[in-house]
>>> print(open('query_13.cif').read())   # mmCIF, C-alpha atoms and all ligand atoms
data_upload
loop_
_atom_site.label_atom_id
_atom_site.label_comp_id
_atom_site.auth_asym_id
_atom_site.auth_seq_id
_atom_site.Cartn_x
_atom_site.Cartn_y
_atom_site.Cartn_z
CA MET A 1 8.96 5.31 21.93
CA LYS A 2 10.93 5.55 18.70
CA THR A 3 12.18 8.97 17.71
CA LEU A 4 13.34 10.20 14.34
CA ALA A 5 16.85 10.57 15.72
CA GLU A 6 17.19 6.78 15.60
CA LEU A 7 17.23 7.04 11.84
CA ALA A 8 20.70 8.54 12.06
CA ALA A 9 21.93 5.28 13.58
CA ILE A 10 20.22 3.29 10.84
CA ARG A 11 21.94 5.47 8.26
CA GLU A 12 25.36 4.76 9.80
CA GLN A 13 24.67 1.02 9.97
CA MET A 14 23.55 0.87 6.38
CA LYS A 15 26.07 3.07 4.64
CA ASP A 16 28.21 0.21 3.39
CA LYS A 17 25.36 -2.16 2.72
CA VAL A 18 23.50 0.14 0.36
CA ALA A 19 26.17 0.02 -2.31
CA ILE A 20 25.88 -3.75 -2.49
CA ARG A 21 22.13 -3.69 -2.50
CA THR A 22 21.64 -1.37 -5.46
CA GLY A 23 23.29 -3.89 -7.74
CA SER A 24 20.65 -6.50 -6.85
CA GLY A 25 17.44 -7.60 -8.51
CA ALA A 26 18.50 -10.85 -10.14
CA VAL A 27 15.21 -12.22 -8.82
CA ARG A 28 12.05 -10.16 -8.71
CA VAL A 29 8.99 -11.09 -6.69
CA VAL A 30 6.01 -9.12 -7.98
CA VAL A 31 2.80 -8.96 -5.95
CA GLY A 32 -0.45 -7.77 -7.58
CA MET A 33 -1.83 -4.91 -5.49
CA ALA A 34 -4.89 -3.62 -7.34
CA THR A 35 -8.35 -3.66 -5.77
CA CYS A 36 -8.79 -7.31 -6.71
CA GLY A 37 -5.49 -8.27 -5.08
CA ILE A 38 -5.98 -6.21 -1.93
CA THR A 39 -9.50 -7.57 -1.47
CA ALA A 40 -8.22 -11.13 -1.73
CA GLY A 41 -5.48 -10.55 0.85
CA ALA A 42 -2.42 -9.27 -1.01
CA ARG A 43 -1.21 -6.99 1.78
CA PRO A 44 -0.19 -9.73 4.22
CA VAL A 45 1.28 -11.74 1.33
CA LEU A 46 3.46 -8.81 0.29
CA ASN A 47 4.58 -8.18 3.84
CA ALA A 48 5.34 -11.86 4.41
CA PHE A 49 7.63 -11.85 1.36
CA VAL A 50 9.42 -8.72 2.58
CA GLU A 51 9.85 -10.25 6.02
CA GLU A 52 10.87 -13.76 4.97
CA VAL A 53 13.24 -12.68 2.20
CA THR A 54 15.08 -10.57 4.77
CA LYS A 55 15.09 -13.36 7.36
CA ALA A 56 16.47 -15.76 4.77
CA GLY A 57 19.28 -13.29 4.06
CA LEU A 58 18.23 -12.98 0.42
CA ASN A 59 17.88 -9.19 0.30
CA ASP A 60 20.90 -8.74 -1.93
CA LYS A 61 19.53 -11.09 -4.54
CA VAL A 62 15.74 -10.81 -4.33
CA MET A 63 13.68 -7.68 -4.83
CA VAL A 64 10.06 -7.64 -3.66
CA THR A 65 7.92 -5.25 -5.69
CA GLN A 66 4.27 -4.37 -6.27
CA THR A 67 2.22 -4.05 -9.40
CA GLY A 68 -1.38 -3.31 -10.38
CA CYS A 69 -3.93 -5.78 -11.67
CA ILE A 70 -2.32 -8.69 -13.49
CA GLY A 71 -5.62 -9.52 -15.18
CA ILE A 72 -6.51 -12.81 -13.51
CA CYS A 73 -8.56 -11.40 -10.65
CA GLN A 74 -10.19 -14.70 -9.76
CA TYR A 75 -6.76 -16.10 -8.84
CA GLU A 76 -5.72 -13.26 -6.53
CA PRO A 77 -3.53 -12.84 -4.55
CA VAL A 78 -1.19 -13.43 -7.49
CA VAL A 79 2.59 -13.41 -7.19
CA GLU A 80 4.95 -13.56 -10.15
CA ILE A 81 8.61 -14.47 -9.86
CA TYR A 82 11.06 -13.30 -12.50
CA GLU A 83 14.54 -14.70 -12.56
CA ASP A 84 17.29 -13.94 -15.04
CA GLY A 85 17.43 -16.59 -17.74
CA LYS A 86 14.35 -18.43 -16.48
CA GLU A 87 10.71 -18.47 -17.42
CA LYS A 88 8.29 -16.42 -15.33
CA VAL A 89 6.63 -18.39 -12.55
CA THR A 90 3.10 -17.48 -11.40
CA TYR A 91 1.81 -18.38 -7.94
CA VAL A 92 -1.90 -17.93 -7.32
CA LYS A 93 -4.29 -17.80 -4.36
CA MET A 94 -1.41 -16.94 -2.11
CA THR A 95 -1.39 -16.50 1.66
CA ALA A 96 1.28 -15.34 4.09
CA GLU A 97 1.98 -18.99 5.01
CA LYS A 98 2.38 -20.02 1.39
CA ALA A 99 4.66 -17.01 0.87
CA LYS A 100 6.91 -18.27 3.62
CA GLU A 101 7.08 -21.67 1.99
CA VAL A 102 7.87 -20.15 -1.41
CA VAL A 103 10.75 -18.15 0.07
CA GLU A 104 12.13 -21.26 1.74
CA LYS A 105 11.71 -23.77 -1.08
CA HIS A 106 11.81 -21.67 -4.23
CA LEU A 107 13.88 -18.55 -3.55
CA LYS A 108 16.28 -20.26 -1.18
CA GLY A 109 16.08 -23.86 -2.32
CA GLY A 110 15.69 -23.22 -6.04
CA GLU A 111 12.68 -25.51 -6.45
CA ALA A 112 9.25 -24.05 -7.30
CA VAL A 113 6.37 -25.07 -5.01
CA SER A 114 4.29 -26.71 -7.69
CA GLN A 115 0.97 -27.06 -5.89
CA TYR A 116 0.61 -23.25 -5.66
CA LEU A 117 1.39 -22.60 -9.31
CA ILE A 118 -1.25 -21.41 -11.72
CA GLY A 119 -2.58 -24.45 -13.56
CA ASN A 120 -2.23 -26.64 -10.48
CA THR A 121 -4.62 -24.63 -8.36
CA GLU A 122 -8.35 -25.06 -8.32
CA LEU A 123 -10.52 -21.99 -8.18
CA MET B 1 -12.59 -5.94 2.16
CA LYS B 2 -12.32 -6.73 5.81
CA ASP B 3 -11.40 -3.39 7.27
CA LEU B 4 -11.04 0.26 6.40
CA SER B 5 -7.25 0.17 6.27
CA LEU B 6 -7.50 -2.01 3.14
CA TYR B 7 -9.80 0.52 1.47
CA ILE B 8 -7.29 3.23 2.38
CA LEU B 9 -4.49 1.22 0.76
CA ASP B 10 -6.59 0.73 -2.34
CA ILE B 11 -7.52 4.41 -2.71
CA ALA B 12 -3.93 5.50 -2.08
CA MET B 13 -2.84 3.06 -4.80
CA ASN B 14 -4.88 5.17 -7.24
CA SER B 15 -2.70 8.10 -6.20
CA VAL B 16 0.42 6.04 -6.80
CA ARG B 17 -0.84 5.03 -10.21
CA ALA B 18 -1.58 8.69 -10.99
CA GLY B 19 2.13 9.35 -10.54
CA ALA B 20 1.79 11.29 -7.28
CA LYS B 21 5.03 12.32 -5.61
CA ASN B 22 3.22 13.45 -2.48
CA ILE B 23 0.46 11.50 -0.82
CA ALA B 24 -1.26 12.45 2.41
CA ILE B 25 -3.52 10.17 4.43
CA LEU B 26 -5.41 12.03 7.10
CA LEU B 27 -7.81 10.50 9.59
CA THR B 28 -9.81 12.54 12.07
CA GLU B 29 -12.42 11.24 14.48
CA GLU B 30 -14.87 13.58 16.09
CA ASN B 31 -18.32 12.99 17.56
CA ASN B 32 -18.65 9.48 16.11
CA VAL B 33 -17.70 10.65 12.64
CA LEU B 34 -14.50 9.39 11.07
CA THR B 35 -13.23 11.50 8.21
CA LEU B 36 -10.71 9.99 5.82
CA ARG B 37 -8.90 12.36 3.52
CA ILE B 38 -6.47 11.21 0.86
CA GLU B 39 -4.66 13.94 -1.05
CA ASP B 40 -2.23 13.53 -3.90
CA ASN B 41 -0.39 15.61 -6.47
CA GLY B 42 -0.79 13.06 -9.24
CA CYS B 43 -2.08 13.58 -12.76
CA GLY B 44 -5.60 14.39 -11.59
CA MET B 45 -8.83 13.95 -13.51
CA THR B 46 -11.05 16.11 -15.65
CA GLU B 47 -14.46 17.11 -14.32
CA GLU B 48 -16.01 14.54 -16.61
CA GLN B 49 -13.82 11.78 -15.24
CA VAL B 50 -14.60 12.75 -11.64
CA GLU B 51 -18.28 12.57 -12.43
CA LYS B 52 -17.89 9.11 -13.93
CA LEU B 53 -16.17 7.89 -10.80
CA SER B 54 -19.46 7.03 -9.15
CA ASN B 55 -19.91 4.52 -11.94
CA PRO B 56 -18.04 1.23 -11.54
CA PHE B 57 -17.61 1.01 -15.27
CA PHE B 58 -15.22 3.91 -15.36
CA THR B 59 -11.58 2.90 -15.33
CA THR B 60 -8.45 3.79 -17.25
CA ARG B 61 -6.90 0.44 -16.43
CA LYS B 62 -6.33 -1.95 -19.30
CA THR B 63 -6.46 -5.39 -17.71
CA ARG B 64 -10.06 -5.27 -16.56
CA LYS B 65 -13.11 -3.31 -17.63
CA VAL B 66 -14.41 -2.23 -14.25
CA GLY B 67 -12.84 0.04 -11.67
CA LEU B 68 -13.92 -1.08 -8.24
CA GLY B 69 -11.87 1.02 -5.85
CA VAL B 70 -13.84 4.22 -5.55
CA PRO B 71 -17.30 2.59 -5.87
CA PHE B 72 -16.38 0.19 -3.02
CA LEU B 73 -15.36 3.07 -0.79
CA ARG B 74 -18.50 5.00 -1.65
CA MET B 75 -20.72 2.05 -0.87
CA LEU B 76 -19.06 1.46 2.49
CA SER B 77 -19.27 5.10 3.47
CA GLU B 78 -22.88 5.54 2.40
CA MET B 79 -23.93 2.39 4.24
CA THR B 80 -22.93 4.11 7.47
CA GLY B 81 -24.72 7.32 6.51
CA GLY B 82 -21.56 9.08 5.30
CA LYS B 83 -20.52 10.27 1.87
CA VAL B 84 -17.57 10.43 -0.49
CA THR B 85 -16.47 13.58 -2.29
CA VAL B 86 -13.79 13.61 -4.96
CA THR B 87 -12.23 16.83 -6.22
CA SER B 88 -9.51 16.91 -8.82
CA ARG B 89 -7.48 19.20 -11.04
CA PRO B 90 -6.07 17.61 -14.19
CA GLU B 91 -2.50 17.93 -15.29
CA ALA B 92 -3.28 19.82 -18.46
CA ASP B 93 -5.13 22.69 -16.83
CA PHE B 94 -3.29 23.59 -13.67
CA GLU B 95 0.09 23.62 -12.12
CA ASN B 96 -1.31 22.37 -8.87
CA HIS B 97 -2.81 19.21 -10.32
CA GLY B 98 -3.92 16.44 -8.01
CA THR B 99 -6.85 14.77 -6.34
CA GLU B 100 -8.57 14.73 -2.96
CA VAL B 101 -10.84 11.94 -1.88
CA VAL B 102 -12.79 12.65 1.29
CA ALA B 103 -14.93 9.94 2.86
CA THR B 104 -16.94 10.14 6.05
CA PHE B 105 -18.17 7.27 8.20
CA HIS B 106 -20.50 7.17 11.16
CA THR B 107 -18.56 5.00 13.55
CA ASP B 108 -21.60 4.22 15.69
CA HIS B 109 -23.51 2.82 12.72
CA ILE B 110 -24.00 -0.94 12.66
CA ASP B 111 -22.46 -1.17 9.17
CA PHE B 112 -19.25 0.57 10.14
CA ILE B 113 -16.29 -1.77 9.77
CA PRO B 114 -13.23 -1.34 11.98
CA LEU B 115 -10.27 0.72 10.88
CA GLY B 116 -7.92 -2.24 11.03
CA ASP B 117 -4.17 -2.08 10.69
CA VAL B 118 -3.58 1.32 9.17
CA VAL B 119 0.12 1.19 10.09
CA GLU B 120 0.54 -1.83 7.83
CA THR B 121 -1.19 0.08 5.05
CA VAL B 122 1.29 2.96 5.35
CA VAL B 123 4.25 0.57 5.45
CA THR B 124 2.94 -1.30 2.39
CA LEU B 125 2.56 1.93 0.41
CA ILE B 126 6.08 3.02 1.20
CA GLN B 127 7.47 -0.44 0.42
CA GLY B 128 6.06 -0.36 -3.10
CA ASN B 129 6.72 3.29 -3.88
CA PRO B 130 9.70 4.51 -1.90
CA ASP B 131 10.41 7.49 -4.13
CA SER B 132 7.22 9.31 -3.18
CA ASP B 133 6.70 11.20 0.05
CA TYR B 134 3.96 10.44 2.54
CA VAL B 135 2.21 12.33 5.28
CA PHE B 136 0.13 10.34 7.71
CA ARG B 137 -1.94 11.77 10.51
CA HIS B 138 -4.51 10.16 12.76
CA LYS B 139 -6.19 12.45 15.22
CA THR B 140 -8.86 11.62 17.79
CA ASP B 141 -9.51 13.05 21.26
CA LYS B 142 -7.20 10.36 22.61
CA LEU B 143 -4.36 10.35 20.12
CA ASP B 144 -2.50 12.37 17.55
CA VAL B 145 -0.25 10.19 15.41
CA ASN B 146 1.99 11.94 12.90
CA MET B 147 4.46 10.93 10.25
CA ASP B 148 6.14 12.80 7.40
CA THR B 149 8.63 10.89 5.29
CA ARG B 150 10.36 14.12 4.21
CA GLU B 151 11.64 14.48 7.77
CA MET B 152 12.93 10.92 7.61
CA ARG B 153 14.61 11.45 4.27
CA ALA B 154 16.34 14.54 5.61
CA ILE B 155 18.07 12.35 8.21
CA LEU B 156 18.61 9.27 6.03
CA GLY B 157 20.12 11.14 3.11
CA GLU B 158 19.78 10.32 -0.57
CA GLU B 159 21.32 6.87 -0.75
CA ILE B 160 19.14 4.96 1.66
CA PRO B 161 15.72 4.23 0.16
CA LEU B 162 12.62 4.44 2.35
CA ASN B 163 11.91 0.79 1.58
CA ALA B 164 15.17 -0.58 2.91
CA TYR B 165 14.12 -3.25 5.38
CA GLU B 166 15.59 -1.46 8.38
CA VAL B 167 13.82 1.78 7.49
CA LEU B 168 10.44 0.08 6.98
CA ALA B 169 10.85 -1.64 10.33
CA PHE B 170 11.64 1.71 11.91
CA ILE B 171 8.57 3.35 10.37
CA ARG B 172 6.34 0.54 11.65
CA GLU B 173 7.72 0.90 15.19
CA PHE B 174 7.64 4.68 14.99
CA LEU B 175 3.92 4.66 14.24
CA LEU B 176 2.98 1.82 16.59
CA GLY B 177 4.86 3.60 19.36
CA GLN B 178 2.73 6.69 18.90
CA TYR B 179 -0.45 4.63 19.02
CA GLU B 180 0.60 2.88 22.23
CA ASN B 181 1.87 5.96 23.93
CA GLU B 182 -1.31 7.93 23.57
CA ASN B 183 -3.83 5.23 24.30
N1 LIG A 201 -6.15 9.82 -7.27
C1 LIG A 201 -6.43 9.69 -8.58
N2 LIG A 201 -5.76 10.41 -9.50
C2 LIG A 201 -6.04 10.30 -10.83
N3 LIG A 201 -6.98 9.47 -11.33
C3 LIG A 201 -7.68 8.71 -10.46
C4 LIG A 201 -7.46 8.78 -9.04
N4 LIG A 201 -8.33 7.93 -8.42
C5 LIG A 201 -9.03 7.35 -9.42
N5 LIG A 201 -8.66 7.80 -10.64
C6 LIG A 201 -9.21 7.41 -11.96
O1 LIG A 201 -10.45 6.79 -11.73
C7 LIG A 201 -10.47 5.47 -12.26
C8 LIG A 201 -11.31 4.57 -11.40
O2 LIG A 201 -10.72 4.35 -10.12
P1 LIG A 201 -11.09 3.06 -9.28
O3 LIG A 201 -10.23 3.01 -8.09
O4 LIG A 201 -12.56 3.09 -9.03
O5 LIG A 201 -10.78 1.87 -10.26
P2 LIG A 201 -9.36 1.42 -10.84
O6 LIG A 201 -8.26 1.95 -9.98
O7 LIG A 201 -9.31 1.79 -12.29
O8 LIG A 201 -9.41 -0.14 -10.71
P3 LIG A 201 -9.36 -0.96 -9.33
O9 LIG A 201 -9.39 0.05 -8.23
O10 LIG A 201 -10.59 -1.80 -9.36
O11 LIG A 201 -8.12 -1.75 -9.31
C9 LIG A 201 -9.01 5.08 -12.37
O12 LIG A 201 -8.79 4.14 -13.39
C10 LIG A 201 -8.34 6.42 -12.68
O13 LIG A 201 -8.42 6.71 -14.05
MG MG A 202 -8.33 1.77 -7.84
#
>>> encode(input="query_13.cif", output="structure tokens")
Amino acid sequence: MKTLAELAAIREQMKDKVAIRTGSGAVRVVVGMATCGITAGARPVLNAFVEEVTKAGLNDKVMVTQTGCIGICQYEPVVEIYEDGKEKVTYVKMTAEKAKEVVEKHLKGGEAVSQYLIGNTEL
Amino acid sequence: MKDLSLYILDIAMNSVRAGAKNIAILLTEENNVLTLRIEDNGCGMTEEQVEKLSNPFFTTRKTRKVGLGVPFLRMLSEMTGGKVTVTSRPEADFENHGTEVVATFHTDHIDFIPLGDVVETVVTLIQGNPDSDYVFRHKTDKLDVNMDTREMRAILGEEIPLNAYEVLAFIREFLLGQYENEN
């Protein structure tokens, strides 16, 4: 079983990394986590982004954050991506699988996954 | 919502939105009654606001005209023969402002939905709001799972946020380990 003492090892491992990380946030992935989002399945979407961004080695560049109701409840789970110097991109009706694809193609590959974008998605 | 852990996430999100720096999620199971207690030291509500909470048309949000969180929880609890009590002290009146939401559920009732992945709920809360502190406890006759992020912070120090990937992964394992060990 894990004990709290293991956190000391994590602290040592991370000491140098933290400095780099605090300068990050060039890309922000924002997941709507109000009642409407949670009901529609936002929790696994959020956690898939956290997981996949780390796996893809994008932690220094991409920040995954949460917000309340974005105001388009019927499209939840909604994920917005903000990137310096680019227009906001809104993904709707997300799932953990789609999140994985967005990390791969959009955050890593630089190409938005158009079929999940608002406007291209049927209700 | 599919399981209780999602309701817990939703109610705790109210605490986050109320600016709480301390949030406690306490689950106790005794004689087929599950009691969920969520305490926060956020901005609180006036008596009037607390009263209105049973009405889905009370919300201070701006993007949508109905607040669904508390009414959903109340409905779920009452369907199993339980009840929800909210007590709150607003910021203006007291130094010890904050809110407690207590919900009971009869676990042997046909309408009781499973608890679900409460560990994922705790991890999700911390991921989104790493500057607050969290206490989590789940106590039944078979297990007693405990977590207090202040103890973790004391070891991690100031620089490492609770939502660093490695720390979140630790917290998940730390909690799952306690569930496995005592089953
Ligand atoms: N812990 C709390 N502290 C302070 N105010 C609260 C708390 N919980 C609820 N409230 C108040 O009660 C209102 C209704 O809460 P409820 O969860 O039912 O809906 P909501 O959060 O506004 O919207 P939704 O949950 O549907 O996203 C909130 O807008 C807020 O003003
Ligand atoms: Mg709410």
>>> interface_residues(input="query_13.cif", of="chain B", to="chain A", cutoff="7 Å", atoms="only C-alpha atoms", output="ChimeraX atom specification")
/B:1,6,10,63-64,68-69,128,152,155-156,160,173-174,177
>>> residues_near_ligand(input="query_13.cif", ligand="ligand LIG 201 (chain A)", cutoff="6 Å", atoms="all atoms listed in the file", output="count of residues only")
20
>>> closest_residue(input="query_13.cif", among="B:Ala20, B:Leu73, B:Leu4, B:Leu26", to="ligand MG 202 (chain A)", atoms="all atoms listed in the file")
B:Leu73
>>> residues_near_point(input="query_13.cif", point="(9.3, -0.4, 7.8)", cutoff="12 Å", atoms="only C-alpha atoms", output="ChimeraX atom specification")
/A:7,10,47,50-51 /B:119-128,130,149,152,161-176
>>> atom_distance(input="query_13.cif", atom1="atom CA of Gln49 of chain B", atom2="atom CA of Met75 of chain B")
18.7 Å
>>> residues_around(input="query_13.cif", residues="Arg89 of chain B", least_positions_apart="2", cutoff="10 Å", atoms="all atoms listed in the file", output="PyMOL selection string")
chain B and resi 41-47+50+87+91-100
>>> residues_around(input="query_13.cif", residues="Leu36 of chain B", least_positions_apart="3", cutoff="7 Å", atoms="all atoms listed in the file", output="PDB file with C-alpha atoms, in the frame of the given file")
ATOM      1  CA  LEU B  26      -5.410  12.030   7.100  1.00  0.00           C
ATOM      2  CA  LEU B  27      -7.810  10.500   9.590  1.00  0.00           C
ATOM      3  CA  THR B  28      -9.810  12.540  12.070  1.00  0.00           C
ATOM      4  CA  VAL B 102     -12.790  12.650   1.290  1.00  0.00           C
ATOM      5  CA  ALA B 103     -14.930   9.940   2.860  1.00  0.00           C
ATOM      6  CA  THR B 104     -16.940  10.140   6.050  1.00  0.00           C
TER       7      THR B 104
END
>>> closest_residue(input="query_13.cif", among="B:Lys139, B:Phe72, B:Ile25, B:Ile38", to="ligand MG 202 (chain A)", atoms="all atoms listed in the file")
B:Phe72
>>> residues_around(input="query_13.cif", residues="Lys98 of chain A", least_positions_apart="5", cutoff="9 Å", atoms="only C-alpha atoms", output="list in words")
Val45, Val103 and Tyr116 of chain A
>>> residues_around(input="query_13.cif", residues="Glu101 of chain A", least_positions_apart="4", cutoff="12 Å", atoms="all atoms listed in the file", output="NGL selection string")
:A and (45 or 48-49 or 52-53 or 56 or 91 or 94-97 or 105-116)
>>> atom_distance(input="query_13.cif", atom1="atom CA of Val86 of chain B", atom2="atom CA of Glu51 of chain B")
8.8 Å
>>> atom_distance(input="query_13.cif", atom1="atom CA of Ser77 of chain B", atom2="atom CA of Thr35 of chain B")
10.0 Å
>>> build_atoms(input="query_13.cif", residues="segment 30-51 of chain B", atoms="N, CA, C and O atoms", output="mmCIF file, keeping the file's coordinate frame")
data_model
loop_
_atom_site.group_PDB
_atom_site.id
_atom_site.type_symbol
_atom_site.label_atom_id
_atom_site.label_comp_id
_atom_site.auth_asym_id
_atom_site.auth_seq_id
_atom_site.Cartn_x
_atom_site.Cartn_y
_atom_site.Cartn_z
ATOM 1 N N GLU B 30 -14.225 12.585 15.246
ATOM 2 C CA GLU B 30 -14.870 13.580 16.090
ATOM 3 C C GLU B 30 -16.350 13.254 16.170
ATOM 4 O O GLU B 30 -16.993 13.057 15.138
ATOM 5 N N ASN B 31 -16.887 13.218 17.363
ATOM 6 C CA ASN B 31 -18.320 12.990 17.560
ATOM 7 C C ASN B 31 -18.854 11.819 16.727
ATOM 8 O O ASN B 31 -19.826 11.951 15.991
ATOM 9 N N ASN B 32 -18.200 10.680 16.834
ATOM 10 C CA ASN B 32 -18.650 9.480 16.110
ATOM 11 C C ASN B 32 -18.605 9.595 14.597
ATOM 12 O O ASN B 32 -19.258 8.829 13.895
ATOM 13 N N VAL B 33 -17.891 10.585 14.092
ATOM 14 C CA VAL B 33 -17.700 10.650 12.640
ATOM 15 C C VAL B 33 -16.204 10.528 12.344
ATOM 16 O O VAL B 33 -15.387 11.274 12.883
ATOM 17 N N LEU B 34 -15.884 9.555 11.514
ATOM 18 C CA LEU B 34 -14.500 9.390 11.070
ATOM 19 C C LEU B 34 -14.394 9.991 9.674
ATOM 20 O O LEU B 34 -15.155 9.634 8.776
ATOM 21 N N THR B 35 -13.461 10.918 9.526
ATOM 22 C CA THR B 35 -13.230 11.500 8.210
ATOM 23 C C THR B 35 -11.879 11.025 7.680
ATOM 24 O O THR B 35 -10.858 11.150 8.346
ATOM 25 N N LEU B 36 -11.928 10.446 6.495
ATOM 26 C CA LEU B 36 -10.710 9.990 5.820
ATOM 27 C C LEU B 36 -10.466 10.926 4.652
ATOM 28 O O LEU B 36 -11.353 11.172 3.845
ATOM 29 N N ARG B 37 -9.253 11.446 4.599
ATOM 30 C CA ARG B 37 -8.900 12.360 3.520
ATOM 31 C C ARG B 37 -7.621 11.863 2.875
ATOM 32 O O ARG B 37 -6.622 11.661 3.547
ATOM 33 N N ILE B 38 -7.674 11.629 1.576
ATOM 34 C CA ILE B 38 -6.470 11.210 0.860
ATOM 35 C C ILE B 38 -6.183 12.240 -0.225
ATOM 36 O O ILE B 38 -7.014 12.471 -1.105
ATOM 37 N N GLU B 39 -5.029 12.882 -0.098
ATOM 38 C CA GLU B 39 -4.660 13.940 -1.050
ATOM 39 C C GLU B 39 -3.444 13.494 -1.843
ATOM 40 O O GLU B 39 -2.533 12.893 -1.282
ATOM 41 N N ASP B 40 -3.443 13.828 -3.128
ATOM 42 C CA ASP B 40 -2.230 13.530 -3.900
ATOM 43 C C ASP B 40 -1.962 14.635 -4.906
ATOM 44 O O ASP B 40 -2.828 15.449 -5.191
ATOM 45 N N ASN B 41 -0.733 14.648 -5.410
ATOM 46 C CA ASN B 41 -0.390 15.610 -6.470
ATOM 47 C C ASN B 41 -0.116 14.862 -7.781
ATOM 48 O O ASN B 41 0.781 15.197 -8.526
ATOM 49 N N GLY B 42 -0.921 13.839 -8.013
ATOM 50 C CA GLY B 42 -0.790 13.060 -9.240
ATOM 51 C C GLY B 42 -1.416 13.756 -10.440
ATOM 52 O O GLY B 42 -1.725 14.951 -10.386
ATOM 53 N N CYS B 43 -1.641 12.991 -11.502
ATOM 54 C CA CYS B 43 -2.080 13.580 -12.760
ATOM 55 C C CYS B 43 -3.488 14.165 -12.722
ATOM 56 O O CYS B 43 -3.882 14.932 -13.588
ATOM 57 N N GLY B 44 -4.260 13.827 -11.708
ATOM 58 C CA GLY B 44 -5.600 14.390 -11.590
ATOM 59 C C GLY B 44 -6.576 13.855 -12.623
ATOM 60 O O GLY B 44 -6.251 12.977 -13.422
ATOM 61 N N MET B 45 -7.775 14.380 -12.576
ATOM 62 C CA MET B 45 -8.830 13.950 -13.510
ATOM 63 C C MET B 45 -9.584 15.170 -13.995
ATOM 64 O O MET B 45 -9.649 16.182 -13.303
ATOM 65 N N THR B 46 -10.180 15.049 -15.161
ATOM 66 C CA THR B 46 -11.050 16.110 -15.650
ATOM 67 C C THR B 46 -12.376 16.023 -14.884
ATOM 68 O O THR B 46 -12.661 15.011 -14.247
ATOM 69 N N GLU B 47 -13.162 17.091 -15.001
ATOM 70 C CA GLU B 47 -14.460 17.110 -14.320
ATOM 71 C C GLU B 47 -15.314 15.923 -14.754
ATOM 72 O O GLU B 47 -15.996 15.305 -13.946
ATOM 73 N N GLU B 48 -15.259 15.657 -16.050
ATOM 74 C CA GLU B 48 -16.010 14.540 -16.610
ATOM 75 C C GLU B 48 -15.620 13.215 -15.961
ATOM 76 O O GLU B 48 -16.470 12.414 -15.590
ATOM 77 N N GLN B 49 -14.313 13.025 -15.841
ATOM 78 C CA GLN B 49 -13.820 11.780 -15.240
ATOM 79 C C GLN B 49 -14.261 11.660 -13.779
ATOM 80 O O GLN B 49 -14.650 10.593 -13.329
ATOM 81 N N VAL B 50 -14.190 12.772 -13.053
ATOM 82 C CA VAL B 50 -14.600 12.750 -11.640
ATOM 83 C C VAL B 50 -16.062 12.342 -11.539
ATOM 84 O O VAL B 50 -16.445 11.535 -10.683
ATOM 85 N N GLU B 51 -16.861 12.888 -12.435
ATOM 86 C CA GLU B 51 -18.280 12.570 -12.430
ATOM 87 C C GLU B 51 -18.508 11.072 -12.658
ATOM 88 O O GLU B 51 -19.330 10.447 -12.006
#
